Amino acid sequence: MTTPDLFGDLDPGRRTRLGPDAWVLRGFALPRMDALLPALAGIEAASPFRHMKTPGGYTMSAALSSCGKLGWTSDPRGYRYSPTDPETGLAWPPMPEVFSRLAREAAAAAGFEGFEPDACLINRYLPGARMSLHQDRNERDFDAPIVSVSLGMSAIFLFGGLTRSGRAARVPLHHGDVAVWGGADRLRYHGIMPLDGQPHPLLGARRINLTFRKAG
Ligand SMILES: O=C(O)CCC(=O)C(=O)O
Ligand SMILES: [Fe+2]
C-alpha cells in the first residue's frame, strides 16, 4: 500500500477522511485566527511552554502548556491530568471562549455533537521537534473525540492503527486545519514527524497544536 499524497489538498472547506470517525477539516480554524492568536499569546504568558520529562527520563522535543480545568503534567512518577500548573503553582489559564467554541463546532462538523472539552493541551514544535506514535488514552471516557488544531508551520501527522505496529498514513496538516478523531478511531496511534520546512508568515519558525479533550 502506498501512503496517500495529500499535499495538494489545501482548499479551505475541504475535508480529508482518515477513518470511519476521523476527519481533517481543512482550514476550519482560519476564520477565527484574529481571536485565536491573541488568546494563545495570553495563555503562553500565564503558563509558559516547558519541556516535559517522560517517566523514562527522556525529555520531549515538543514543549507543552495547557489551558482549561485540567492540564497535562509529567514527572518521574508518571503522567497525569492536573488542575494546577506545577511550574506556577496556580490553576491553568481558563479556556478562552474562542477555543472552546472552535472545538465544539469542529467536533459537530465531524459528527460529534455536544463536545465540551475541559482540557486543551498546547504543543509547541520548533524545527526538528516531533512526537512519537502514541494513543491519547488518559481521558476518563472515550466517548468524546479528540479535536486537534494546527497553527503555524505545516507538519506531517502520522495516523496509525489501533496497535503500535499498524501502518501509519502520512497526512500533511497546515495552518488552520482541524483534525477530529473519535468513535471507532478514538484510540488510533498518532504522532508528528520531525518539523521541517518554511517558517510560517504569521507564527514564524514554529508549529503550535491545540488538542482539546474531555479529560475528567
Ligand atoms: O501535534 C499534533 O498534531 C498532535 C499532538 C498530540 O498527539 C498530543 O498532544 O497528544
Ligand atoms: Fe496525541
# chains A, B, ... in the order shown; residues from 1 in each chain; ligands from 1
$ closest_atom_pairs --of "chain A" --to "ligand 2" --cutoff "8 Å" --atoms "only C-alpha atoms and all ligand atoms" --output "CSV"
residue,atom,partner,partner_atom_place_in_ligand_line,distance
A:His134,CA,ligand 2,1 (Fe),6.2
A:Gln135,CA,ligand 2,1 (Fe),5.9
A:Asp136,CA,ligand 2,1 (Fe),4.9
A:Tyr189,CA,ligand 2,1 (Fe),7.8
A:His190,CA,ligand 2,1 (Fe),6.2
A:Gly191,CA,ligand 2,1 (Fe),6.6
A:Thr211,CA,ligand 2,1 (Fe),7.7
$ residues_around --residues "stretch 95-100 of chain A" --least-positions-apart "2" --cutoff "6 Å" --atoms "only C-alpha atoms" --output "PDB file with N, CA, C and O atoms, in the first residue's frame"
ATOM      1  N   CYS A  67      -4.467  24.830  28.851  1.00  0.00           N
ATOM      2  CA  CYS A  67      -5.462  25.702  29.450  1.00  0.00           C
ATOM      3  C   CYS A  67      -6.725  24.883  29.668  1.00  0.00           C
ATOM      4  O   CYS A  67      -6.869  23.786  29.139  1.00  0.00           O
ATOM      5  N   GLY A  68      -7.614  25.456  30.502  1.00  0.00           N
ATOM      6  CA  GLY A  68      -8.836  24.731  30.846  1.00  0.00           C
ATOM      7  C   GLY A  68      -8.768  24.193  32.266  1.00  0.00           C
ATOM      8  O   GLY A  68      -7.808  24.458  32.995  1.00  0.00           O
ATOM      9  N   LEU A 102     -14.579  26.897  18.997  1.00  0.00           N
ATOM     10  CA  LEU A 102     -13.967  26.266  17.823  1.00  0.00           C
ATOM     11  C   LEU A 102     -13.982  24.742  17.965  1.00  0.00           C
ATOM     12  O   LEU A 102     -14.330  24.011  17.031  1.00  0.00           O
ATOM     13  N   ALA A 103     -13.610  24.249  19.157  1.00  0.00           N
ATOM     14  CA  ALA A 103     -13.570  22.795  19.381  1.00  0.00           C
ATOM     15  C   ALA A 103     -14.968  22.188  19.251  1.00  0.00           C
ATOM     16  O   ALA A 103     -15.136  21.139  18.608  1.00  0.00           O
TER      17      ALA A 103
END
$ closest_residue --among "A:Gly160, A:Gly183, A:Gly128, A:Gly19" --to "A:Ala205" --atoms "only C-alpha atoms"
A:Gly128
$ atom_distance --atom1 "atom CA of A:Phe28" --atom2 "atom CA of A:Asn209"
13.9 Å
$ select_by_dssp --residues "stretch 25-214 of chain A" --states "alpha helix (DSSP H)" --output "mmCIF file with N, CA, C and O atoms, in the first residue's frame"
data_model
loop_
_atom_site.group_PDB
_atom_site.id
_atom_site.type_symbol
_atom_site.label_atom_id
_atom_site.label_comp_id
_atom_site.auth_asym_id
_atom_site.auth_seq_id
_atom_site.Cartn_x
_atom_site.Cartn_y
_atom_site.Cartn_z
ATOM 1 N N MET A 33 -8.885 33.141 13.265
ATOM 2 C CA MET A 33 -7.487 33.372 13.624
ATOM 3 C C MET A 33 -7.281 34.687 14.379
ATOM 4 O O MET A 33 -6.475 34.749 15.299
ATOM 5 N N ASP A 34 -8.048 35.724 14.034
ATOM 6 C CA ASP A 34 -7.852 37.034 14.677
ATOM 7 C C ASP A 34 -8.124 36.974 16.172
ATOM 8 O O ASP A 34 -7.569 37.760 16.940
ATOM 9 N N ALA A 35 -8.992 36.099 16.601
ATOM 10 C CA ALA A 35 -9.253 35.945 18.034
ATOM 11 C C ALA A 35 -8.393 34.850 18.660
ATOM 12 O O ALA A 35 -7.994 34.941 19.830
ATOM 13 N N LEU A 36 -8.087 33.822 17.865
ATOM 14 C CA LEU A 36 -7.327 32.678 18.407
ATOM 15 C C LEU A 36 -5.906 33.060 18.813
ATOM 16 O O LEU A 36 -5.431 32.668 19.888
ATOM 17 N N LEU A 37 -5.222 33.814 17.943
ATOM 18 C CA LEU A 37 -3.794 34.051 18.183
ATOM 19 C C LEU A 37 -3.544 34.941 19.408
ATOM 20 O O LEU A 37 -2.672 34.619 20.220
ATOM 21 N N PRO A 38 -4.306 36.031 19.610
ATOM 22 C CA PRO A 38 -4.124 36.782 20.864
ATOM 23 C C PRO A 38 -4.469 35.948 22.103
ATOM 24 O O PRO A 38 -3.792 36.060 23.138
ATOM 25 N N ALA A 39 -5.484 35.116 22.017
ATOM 26 C CA ALA A 39 -5.840 34.269 23.164
ATOM 27 C C ALA A 39 -4.693 33.312 23.483
ATOM 28 O O ALA A 39 -4.349 33.069 24.654
ATOM 29 N N LEU A 40 -4.079 32.783 22.455
ATOM 30 C CA LEU A 40 -2.935 31.883 22.638
ATOM 31 C C LEU A 40 -1.771 32.614 23.313
ATOM 32 O O LEU A 40 -1.131 32.084 24.224
ATOM 33 N N ALA A 41 -1.521 33.857 22.879
ATOM 34 C CA ALA A 41 -0.418 34.627 23.473
ATOM 35 C C ALA A 41 -0.670 34.855 24.964
ATOM 36 O O ALA A 41 0.265 34.817 25.779
ATOM 37 N N GLY A 42 -1.915 35.083 25.339
ATOM 38 C CA GLY A 42 -2.253 35.274 26.755
ATOM 39 C C GLY A 42 -1.977 34.031 27.583
ATOM 40 O O GLY A 42 -1.447 34.108 28.703
ATOM 41 N N ILE A 43 -2.296 32.870 27.036
ATOM 42 C CA ILE A 43 -2.047 31.613 27.759
ATOM 43 C C ILE A 43 -0.548 31.380 27.911
ATOM 44 O O ILE A 43 -0.061 31.018 28.981
ATOM 45 N N GLU A 44 0.173 31.631 26.830
ATOM 46 C CA GLU A 44 1.624 31.420 26.828
ATOM 47 C C GLU A 44 2.293 32.294 27.889
ATOM 48 O O GLU A 44 3.262 31.884 28.534
ATOM 49 N N ALA A 45 1.758 33.523 28.075
ATOM 50 C CA ALA A 45 2.336 34.424 29.083
ATOM 51 C C ALA A 45 2.035 33.921 30.501
ATOM 52 O O ALA A 45 2.862 34.076 31.401
ATOM 53 N N ALA A 46 0.873 33.329 30.709
ATOM 54 C CA ALA A 46 0.471 32.900 32.060
ATOM 55 C C ALA A 46 1.054 31.543 32.437
ATOM 56 O O ALA A 46 1.434 31.311 33.589
ATOM 57 N N GLU A 97 -13.121 31.416 25.342
ATOM 58 C CA GLU A 97 -14.367 31.074 24.642
ATOM 59 C C GLU A 97 -14.097 30.752 23.159
ATOM 60 O O GLU A 97 -14.686 29.823 22.603
ATOM 61 N N VAL A 98 -13.168 31.498 22.544
ATOM 62 C CA VAL A 98 -12.897 31.248 21.123
ATOM 63 C C VAL A 98 -12.310 29.843 20.921
ATOM 64 O O VAL A 98 -12.545 29.206 19.889
ATOM 65 N N PHE A 99 -11.600 29.328 21.926
ATOM 66 C CA PHE A 99 -11.060 27.961 21.851
ATOM 67 C C PHE A 99 -12.195 26.937 21.969
ATOM 68 O O PHE A 99 -12.324 26.028 21.153
ATOM 69 N N SER A 100 -12.998 27.052 23.047
ATOM 70 C CA SER A 100 -13.995 26.005 23.297
ATOM 71 C C SER A 100 -15.054 25.993 22.195
ATOM 72 O O SER A 100 -15.530 24.934 21.787
ATOM 73 N N ARG A 101 -15.358 27.177 21.680
ATOM 74 C CA ARG A 101 -16.354 27.245 20.616
ATOM 75 C C ARG A 101 -15.825 26.601 19.328
ATOM 76 O O ARG A 101 -16.531 25.843 18.653
ATOM 77 N N LEU A 102 -14.579 26.897 18.997
ATOM 78 C CA LEU A 102 -13.967 26.266 17.823
ATOM 79 C C LEU A 102 -13.982 24.742 17.965
ATOM 80 O O LEU A 102 -14.330 24.011 17.031
ATOM 81 N N ALA A 103 -13.610 24.249 19.157
ATOM 82 C CA ALA A 103 -13.570 22.795 19.381
ATOM 83 C C ALA A 103 -14.968 22.188 19.251
ATOM 84 O O ALA A 103 -15.136 21.139 18.608
ATOM 85 N N ARG A 104 -15.948 22.852 19.827
ATOM 86 C CA ARG A 104 -17.323 22.332 19.776
ATOM 87 C C ARG A 104 -17.827 22.298 18.336
ATOM 88 O O ARG A 104 -18.415 21.319 17.884
ATOM 89 N N GLU A 105 -17.556 23.365 17.592
ATOM 90 C CA GLU A 105 -18.072 23.442 16.222
ATOM 91 C C GLU A 105 -17.330 22.479 15.283
ATOM 92 O O GLU A 105 -17.942 21.898 14.387
ATOM 93 N N ALA A 106 -16.041 22.308 15.509
ATOM 94 C CA ALA A 106 -15.294 21.356 14.675
ATOM 95 C C ALA A 106 -15.768 19.932 14.959
ATOM 96 O O ALA A 106 -15.955 19.129 14.032
ATOM 97 N N ALA A 107 -15.966 19.619 16.252
ATOM 98 C CA ALA A 107 -16.454 18.276 16.604
ATOM 99 C C ALA A 107 -17.804 18.029 15.924
ATOM 100 O O ALA A 107 -18.026 16.969 15.317
ATOM 101 N N ALA A 108 -18.703 19.022 16.007
ATOM 102 C CA ALA A 108 -20.035 18.858 15.402
ATOM 103 C C ALA A 108 -19.913 18.666 13.888
ATOM 104 O O ALA A 108 -20.606 17.829 13.293
ATOM 105 N N ALA A 109 -18.995 19.406 13.262
ATOM 106 C CA ALA A 109 -18.817 19.283 11.803
ATOM 107 C C ALA A 109 -18.309 17.892 11.425
ATOM 108 O O ALA A 109 -18.496 17.441 10.294
#
$ residues_around --residues "A:Leu210" --least-positions-apart "6" --cutoff "9 Å" --atoms "only C-alpha atoms" --output "PyMOL selection string"
chain A and resi 66+99+120-123+147-151
$ write_last_selection --atoms "all heavy atoms" --output "PDB file, in the first residue's frame"
ATOM      1  N   SER A  66      -0.891  24.248  28.783  1.00  0.00           N
ATOM      2  CA  SER A  66      -2.282  23.796  28.774  1.00  0.00           C
ATOM      3  C   SER A  66      -3.166  24.952  29.180  1.00  0.00           C
ATOM      4  O   SER A  66      -2.708  25.928  29.784  1.00  0.00           O
ATOM      5  CB  SER A  66      -2.516  22.665  29.799  1.00  0.00           C
ATOM      6  OG  SER A  66      -1.800  21.490  29.491  1.00  0.00           O
ATOM      7  N   PHE A  99     -11.600  29.328  21.926  1.00  0.00           N
ATOM      8  CA  PHE A  99     -11.060  27.961  21.851  1.00  0.00           C
ATOM      9  C   PHE A  99     -12.195  26.937  21.969  1.00  0.00           C
ATOM     10  O   PHE A  99     -12.324  26.028  21.153  1.00  0.00           O
ATOM     11  CB  PHE A  99     -10.076  27.700  22.992  1.00  0.00           C
ATOM     12  CG  PHE A  99      -8.673  28.187  22.781  1.00  0.00           C
ATOM     13  CD1 PHE A  99      -8.397  29.345  22.070  1.00  0.00           C
ATOM     14  CD2 PHE A  99      -7.605  27.499  23.348  1.00  0.00           C
ATOM     15  CE1 PHE A  99      -7.086  29.793  21.911  1.00  0.00           C
ATOM     16  CE2 PHE A  99      -6.296  27.923  23.199  1.00  0.00           C
ATOM     17  CZ  PHE A  99      -6.033  29.074  22.485  1.00  0.00           C
ATOM     18  N   CYS A 120      -7.283  21.634  27.271  1.00  0.00           N
ATOM     19  CA  CYS A 120      -6.666  21.923  25.972  1.00  0.00           C
ATOM     20  C   CYS A 120      -5.160  21.873  26.185  1.00  0.00           C
ATOM     21  O   CYS A 120      -4.596  22.679  26.922  1.00  0.00           O
ATOM     22  CB  CYS A 120      -7.091  23.296  25.463  1.00  0.00           C
ATOM     23  SG  CYS A 120      -6.200  23.815  23.979  1.00  0.00           S
ATOM     24  N   LEU A 121      -4.522  20.876  25.578  1.00  0.00           N
ATOM     25  CA  LEU A 121      -3.058  20.776  25.639  1.00  0.00           C
ATOM     26  C   LEU A 121      -2.494  21.554  24.455  1.00  0.00           C
ATOM     27  O   LEU A 121      -3.036  21.489  23.357  1.00  0.00           O
ATOM     28  CB  LEU A 121      -2.630  19.309  25.545  1.00  0.00           C
ATOM     29  CG  LEU A 121      -2.623  18.540  26.864  1.00  0.00           C
ATOM     30  CD1 LEU A 121      -3.948  18.626  27.589  1.00  0.00           C
ATOM     31  CD2 LEU A 121      -2.241  17.097  26.628  1.00  0.00           C
ATOM     32  N   ILE A 122      -1.428  22.285  24.709  1.00  0.00           N
ATOM     33  CA  ILE A 122      -0.854  23.151  23.679  1.00  0.00           C
ATOM     34  C   ILE A 122       0.590  22.725  23.463  1.00  0.00           C
ATOM     35  O   ILE A 122       1.434  22.852  24.362  1.00  0.00           O
ATOM     36  CB  ILE A 122      -0.933  24.625  24.123  1.00  0.00           C
ATOM     37  CG1 ILE A 122      -2.378  24.973  24.527  1.00  0.00           C
ATOM     38  CG2 ILE A 122      -0.430  25.535  23.012  1.00  0.00           C
ATOM     39  CD1 ILE A 122      -2.539  26.360  25.136  1.00  0.00           C
ATOM     40  N   ASN A 123       0.858  22.171  22.301  1.00  0.00           N
ATOM     41  CA  ASN A 123       2.212  21.725  21.961  1.00  0.00           C
ATOM     42  C   ASN A 123       2.886  22.760  21.084  1.00  0.00           C
ATOM     43  O   ASN A 123       2.277  23.284  20.154  1.00  0.00           O
ATOM     44  CB  ASN A 123       2.151  20.409  21.168  1.00  0.00           C
ATOM     45  CG  ASN A 123       1.609  19.259  21.986  1.00  0.00           C
ATOM     46  OD1 ASN A 123       2.215  18.864  22.973  1.00  0.00           O
ATOM     47  ND2 ASN A 123       0.456  18.731  21.588  1.00  0.00           N
ATOM     48  N   VAL A 147     -10.047  16.751  19.438  1.00  0.00           N
ATOM     49  CA  VAL A 147     -10.090  17.801  18.406  1.00  0.00           C
ATOM     50  C   VAL A 147      -8.740  18.502  18.423  1.00  0.00           C
ATOM     51  O   VAL A 147      -8.305  19.002  19.464  1.00  0.00           O
ATOM     52  CB  VAL A 147     -11.224  18.805  18.687  1.00  0.00           C
ATOM     53  CG1 VAL A 147     -11.151  19.989  17.712  1.00  0.00           C
ATOM     54  CG2 VAL A 147     -12.587  18.124  18.561  1.00  0.00           C
ATOM     55  N   SER A 148      -8.061  18.519  17.300  1.00  0.00           N
ATOM     56  CA  SER A 148      -6.667  18.948  17.229  1.00  0.00           C
ATOM     57  C   SER A 148      -6.506  20.044  16.170  1.00  0.00           C
ATOM     58  O   SER A 148      -6.791  19.822  14.993  1.00  0.00           O
ATOM     59  CB  SER A 148      -5.845  17.707  16.888  1.00  0.00           C
ATOM     60  OG  SER A 148      -4.572  18.050  16.461  1.00  0.00           O
ATOM     61  N   VAL A 149      -6.066  21.224  16.602  1.00  0.00           N
ATOM     62  CA  VAL A 149      -5.993  22.407  15.735  1.00  0.00           C
ATOM     63  C   VAL A 149      -4.521  22.695  15.420  1.00  0.00           C
ATOM     64  O   VAL A 149      -3.698  22.799  16.337  1.00  0.00           O
ATOM     65  CB  VAL A 149      -6.621  23.627  16.449  1.00  0.00           C
ATOM     66  CG1 VAL A 149      -6.517  24.886  15.577  1.00  0.00           C
ATOM     67  CG2 VAL A 149      -8.079  23.341  16.820  1.00  0.00           C
ATOM     68  N   SER A 150      -4.197  22.837  14.156  1.00  0.00           N
ATOM     69  CA  SER A 150      -2.821  23.120  13.741  1.00  0.00           C
ATOM     70  C   SER A 150      -2.650  24.600  13.403  1.00  0.00           C
ATOM     71  O   SER A 150      -3.456  25.167  12.668  1.00  0.00           O
ATOM     72  CB  SER A 150      -2.466  22.296  12.496  1.00  0.00           C
ATOM     73  OG  SER A 150      -2.335  20.932  12.840  1.00  0.00           O
ATOM     74  N   LEU A 151      -1.582  25.195  13.931  1.00  0.00           N
ATOM     75  CA  LEU A 151      -1.283  26.614  13.698  1.00  0.00           C
ATOM     76  C   LEU A 151       0.191  26.742  13.324  1.00  0.00           C
ATOM     77  O   LEU A 151       1.036  26.042  13.886  1.00  0.00           O
ATOM     78  CB  LEU A 151      -1.544  27.424  14.972  1.00  0.00           C
ATOM     79  CG  LEU A 151      -2.967  27.356  15.551  1.00  0.00           C
ATOM     80  CD1 LEU A 151      -3.017  28.021  16.931  1.00  0.00           C
ATOM     81  CD2 LEU A 151      -3.967  28.007  14.609  1.00  0.00           C
TER      82      LEU A 151
END
$ select_by_dssp --residues "chain A" --states "strand (DSSP E or B)" --output "PyMOL selection string"
chain A and resi 15-19+22-25+50+53+59+63-68+70-75+78-82+84-85+90-91+119-125+131-134+146-152+155-159+169-173+178-181+190-192+200+204+207-213
$ atom_distance --atom1 "atom CA of A:Ser65" --atom2 "atom CA of A:Arg213"
14.0 Å
$ residues_around --residues "A:Arg80" --least-positions-apart "5" --cutoff "10 Å" --atoms "only C-alpha atoms" --output "PyMOL selection string"
chain A and resi 70-75+138-139
$ atom_distance --atom1 "atom CA of A:Ala169" --atom2 "atom CA of A:Phe112"
22.8 Å
$ closest_residue --among "A:Gly56, A:Pro145, A:Pro117, A:Gly216" --to "A:Ala179" --atoms "only C-alpha atoms"
A:Pro145
$ closest_residue --among "A:Leu30, A:Ala184, A:Met153, A:Ala110" --to "ligand 1" --atoms "only C-alpha atoms and all ligand atoms"
A:Met153
$ closest_residue --among "A:Lys214, A:Arg130, A:His200, A:Arg140" --to "ligand 1" --atoms "only C-alpha atoms and all ligand atoms"
A:Arg130
$ residues_around --residues "A:Thr84" --least-positions-apart "4" --cutoff "9 Å" --atoms "only C-alpha atoms" --output "PyMOL selection string"
chain A and resi 69-71+88-92
$ write_last_selection --atoms "N, CA, C and O atoms" --output "PDB file, in the first residue's frame"
ATOM      1  N   LYS A  69      -9.792  23.441  32.654  1.00  0.00           N
ATOM      2  CA  LYS A  69      -9.855  22.929  34.037  1.00  0.00           C
ATOM      3  C   LYS A  69      -8.702  21.982  34.350  1.00  0.00           C
ATOM      4  O   LYS A  69      -8.230  21.906  35.479  1.00  0.00           O
ATOM      5  N   LEU A  70      -8.276  21.234  33.347  1.00  0.00           N
ATOM      6  CA  LEU A  70      -7.213  20.250  33.553  1.00  0.00           C
ATOM      7  C   LEU A  70      -6.108  20.456  32.533  1.00  0.00           C
ATOM      8  O   LEU A  70      -6.380  20.784  31.375  1.00  0.00           O
ATOM      9  N   GLY A  71      -4.871  20.256  32.970  1.00  0.00           N
ATOM     10  CA  GLY A  71      -3.725  20.332  32.060  1.00  0.00           C
ATOM     11  C   GLY A  71      -2.858  19.097  32.259  1.00  0.00           C
ATOM     12  O   GLY A  71      -3.044  18.329  33.207  1.00  0.00           O
ATOM     13  N   THR A  88       3.819  27.075  37.987  1.00  0.00           N
ATOM     14  CA  THR A  88       3.366  28.325  38.603  1.00  0.00           C
ATOM     15  C   THR A  88       2.691  28.072  39.941  1.00  0.00           C
ATOM     16  O   THR A  88       2.525  29.002  40.734  1.00  0.00           O
ATOM     17  N   GLY A  89       2.274  26.831  40.192  1.00  0.00           N
ATOM     18  CA  GLY A  89       1.507  26.520  41.399  1.00  0.00           C
ATOM     19  C   GLY A  89       0.071  27.020  41.338  1.00  0.00           C
ATOM     20  O   GLY A  89      -0.669  26.915  42.314  1.00  0.00           O
ATOM     21  N   LEU A  90      -0.321  27.559  40.203  1.00  0.00           N
ATOM     22  CA  LEU A  90      -1.668  28.130  40.044  1.00  0.00           C
ATOM     23  C   LEU A  90      -2.505  27.251  39.119  1.00  0.00           C
ATOM     24  O   LEU A  90      -1.976  26.389  38.428  1.00  0.00           O
ATOM     25  N   ALA A  91      -3.808  27.545  39.114  1.00  0.00           N
ATOM     26  CA  ALA A  91      -4.680  26.890  38.138  1.00  0.00           C
ATOM     27  C   ALA A  91      -4.173  27.197  36.728  1.00  0.00           C
ATOM     28  O   ALA A  91      -3.569  28.254  36.494  1.00  0.00           O
ATOM     29  N   TRP A  92      -4.418  26.298  35.792  1.00  0.00           N
ATOM     30  CA  TRP A  92      -4.122  26.587  34.386  1.00  0.00           C
ATOM     31  C   TRP A  92      -4.963  27.783  33.943  1.00  0.00           C
ATOM     32  O   TRP A  92      -6.045  28.007  34.479  1.00  0.00           O
TER      33      TRP A  92
END
$ residues_around --residues "A:Pro76" --least-positions-apart "4" --cutoff "10 Å" --atoms "only C-alpha atoms" --output "ChimeraX atom specification"
/A:53-57
$ write_last_selection --atoms "all heavy atoms" --output "compact mmCIF listing (two decimals), in the first residue's frame"
# COMPACT_ATOMS: atom_id res chain seq x y z
N LYS A 53 9.53 15.85 30.99
CA LYS A 53 10.28 14.59 31.00
C LYS A 53 9.28 13.44 31.04
O LYS A 53 8.29 13.51 31.76
CB LYS A 53 11.15 14.53 32.25
CG LYS A 53 12.49 15.19 32.12
CD LYS A 53 13.52 14.44 33.00
CE LYS A 53 14.94 14.80 32.62
NZ LYS A 53 15.35 16.10 33.11
N THR A 54 9.56 12.43 30.29
CA THR A 54 8.73 11.23 30.37
C THR A 54 9.15 10.46 31.62
O THR A 54 10.24 10.69 32.16
CB THR A 54 8.93 10.33 29.15
OG1 THR A 54 10.27 9.84 29.19
CG2 THR A 54 8.71 11.09 27.85
N PRO A 55 8.28 9.52 32.07
CA PRO A 55 8.68 8.71 33.24
C PRO A 55 9.99 7.97 32.99
O PRO A 55 10.73 7.69 33.93
CB PRO A 55 7.50 7.74 33.40
CG PRO A 55 6.33 8.48 32.79
CD PRO A 55 6.91 9.26 31.63
N GLY A 56 10.32 7.70 31.73
CA GLY A 56 11.58 7.03 31.41
C GLY A 56 12.79 7.95 31.47
O GLY A 56 13.91 7.52 31.23
N GLY A 57 12.57 9.27 31.74
CA GLY A 57 13.68 10.19 31.87
C GLY A 57 14.06 10.89 30.58
O GLY A 57 15.00 11.68 30.52
$ closest_residue --among "A:Glu113, A:Asp177, A:Asp185, A:Asp196" --to "ligand 1" --atoms "only C-alpha atoms and all ligand atoms"
A:Asp177
$ decode --residues "stretch 56-126 of chain A" --atoms "C-alpha atoms" --output "PDB file, in the first residue's frame"
ATOM      1  CA  GLY A  56      11.578   7.033  31.412  1.00  0.00           C
ATOM      2  CA  GLY A  57      13.683  10.193  31.869  1.00  0.00           C
ATOM      3  CA  TYR A  58      13.544  11.250  28.226  1.00  0.00           C
ATOM      4  CA  THR A  59      12.935  14.975  27.530  1.00  0.00           C
ATOM      5  CA  MET A  60      10.231  15.577  24.963  1.00  0.00           C
ATOM      6  CA  SER A  61      11.235  17.686  21.958  1.00  0.00           C
ATOM      7  CA  ALA A  62       7.846  19.433  21.740  1.00  0.00           C
ATOM      8  CA  ALA A  63       7.258  21.943  24.545  1.00  0.00           C
ATOM      9  CA  LEU A  64       3.899  21.934  26.312  1.00  0.00           C
ATOM     10  CA  SER A  65       1.428  24.203  28.055  1.00  0.00           C
ATOM     11  CA  SER A  66      -2.282  23.796  28.774  1.00  0.00           C
ATOM     12  CA  CYS A  67      -5.462  25.702  29.450  1.00  0.00           C
ATOM     13  CA  GLY A  68      -8.836  24.731  30.846  1.00  0.00           C
ATOM     14  CA  LYS A  69      -9.855  22.929  34.037  1.00  0.00           C
ATOM     15  CA  LEU A  70      -7.213  20.250  33.553  1.00  0.00           C
ATOM     16  CA  GLY A  71      -3.725  20.332  32.060  1.00  0.00           C
ATOM     17  CA  TRP A  72      -1.104  17.707  31.340  1.00  0.00           C
ATOM     18  CA  THR A  73       1.846  17.161  33.641  1.00  0.00           C
ATOM     19  CA  SER A  74       4.538  14.553  33.879  1.00  0.00           C
ATOM     20  CA  ASP A  75       7.271  13.767  36.364  1.00  0.00           C
ATOM     21  CA  PRO A  76       9.242  10.719  37.449  1.00  0.00           C
ATOM     22  CA  ARG A  77       6.039   9.272  38.966  1.00  0.00           C
ATOM     23  CA  GLY A  78       4.232   9.341  35.649  1.00  0.00           C
ATOM     24  CA  TYR A  79       1.841  11.331  33.512  1.00  0.00           C
ATOM     25  CA  ARG A  80      -1.438  12.769  34.646  1.00  0.00           C
ATOM     26  CA  TYR A  81      -4.025  15.460  34.253  1.00  0.00           C
ATOM     27  CA  SER A  82      -3.816  18.083  36.985  1.00  0.00           C
ATOM     28  CA  PRO A  83      -5.933  21.159  37.835  1.00  0.00           C
ATOM     29  CA  THR A  84      -2.783  23.172  38.589  1.00  0.00           C
ATOM     30  CA  ASP A  85       0.304  24.070  36.613  1.00  0.00           C
ATOM     31  CA  PRO A  86       3.272  22.723  38.613  1.00  0.00           C
ATOM     32  CA  GLU A  87       5.511  25.497  37.202  1.00  0.00           C
ATOM     33  CA  THR A  88       3.366  28.325  38.603  1.00  0.00           C
ATOM     34  CA  GLY A  89       1.507  26.520  41.399  1.00  0.00           C
ATOM     35  CA  LEU A  90      -1.668  28.130  40.044  1.00  0.00           C
ATOM     36  CA  ALA A  91      -4.680  26.890  38.138  1.00  0.00           C
ATOM     37  CA  TRP A  92      -4.122  26.587  34.386  1.00  0.00           C
ATOM     38  CA  PRO A  93      -5.346  29.638  32.444  1.00  0.00           C
ATOM     39  CA  PRO A  94      -9.064  29.338  31.708  1.00  0.00           C
ATOM     40  CA  MET A  95     -10.019  28.043  28.289  1.00  0.00           C
ATOM     41  CA  PRO A  96     -10.880  31.079  26.123  1.00  0.00           C
ATOM     42  CA  GLU A  97     -14.367  31.074  24.642  1.00  0.00           C
ATOM     43  CA  VAL A  98     -12.897  31.248  21.123  1.00  0.00           C
ATOM     44  CA  PHE A  99     -11.060  27.961  21.851  1.00  0.00           C
ATOM     45  CA  SER A 100     -13.995  26.005  23.297  1.00  0.00           C
ATOM     46  CA  ARG A 101     -16.354  27.245  20.616  1.00  0.00           C
ATOM     47  CA  LEU A 102     -13.967  26.266  17.823  1.00  0.00           C
ATOM     48  CA  ALA A 103     -13.570  22.795  19.381  1.00  0.00           C
ATOM     49  CA  ARG A 104     -17.323  22.332  19.776  1.00  0.00           C
ATOM     50  CA  GLU A 105     -18.072  23.442  16.222  1.00  0.00           C
ATOM     51  CA  ALA A 106     -15.294  21.356  14.675  1.00  0.00           C
ATOM     52  CA  ALA A 107     -16.454  18.276  16.604  1.00  0.00           C
ATOM     53  CA  ALA A 108     -20.035  18.858  15.402  1.00  0.00           C
ATOM     54  CA  ALA A 109     -18.817  19.283  11.803  1.00  0.00           C
ATOM     55  CA  ALA A 110     -17.169  15.859  12.116  1.00  0.00           C
ATOM     56  CA  GLY A 111     -20.329  14.259  13.543  1.00  0.00           C
ATOM     57  CA  PHE A 112     -19.730  14.619  17.300  1.00  0.00           C
ATOM     58  CA  GLU A 113     -22.434  16.838  18.793  1.00  0.00           C
ATOM     59  CA  GLY A 114     -22.206  18.365  22.264  1.00  0.00           C
ATOM     60  CA  PHE A 115     -18.416  18.253  22.733  1.00  0.00           C
ATOM     61  CA  GLU A 116     -17.492  20.237  25.859  1.00  0.00           C
ATOM     62  CA  PRO A 117     -13.724  19.981  26.383  1.00  0.00           C
ATOM     63  CA  ASP A 118     -12.309  20.527  29.869  1.00  0.00           C
ATOM     64  CA  ALA A 119      -8.652  20.386  28.805  1.00  0.00           C
ATOM     65  CA  CYS A 120      -6.666  21.923  25.972  1.00  0.00           C
ATOM     66  CA  LEU A 121      -3.058  20.776  25.639  1.00  0.00           C
ATOM     67  CA  ILE A 122      -0.854  23.151  23.679  1.00  0.00           C
ATOM     68  CA  ASN A 123       2.212  21.725  21.961  1.00  0.00           C
ATOM     69  CA  ARG A 124       4.942  23.916  20.511  1.00  0.00           C
ATOM     70  CA  TYR A 125       7.225  22.382  17.896  1.00  0.00           C
ATOM     71  CA  LEU A 126      10.376  24.175  16.775  1.00  0.00           C
TER      72      LEU A 126
END
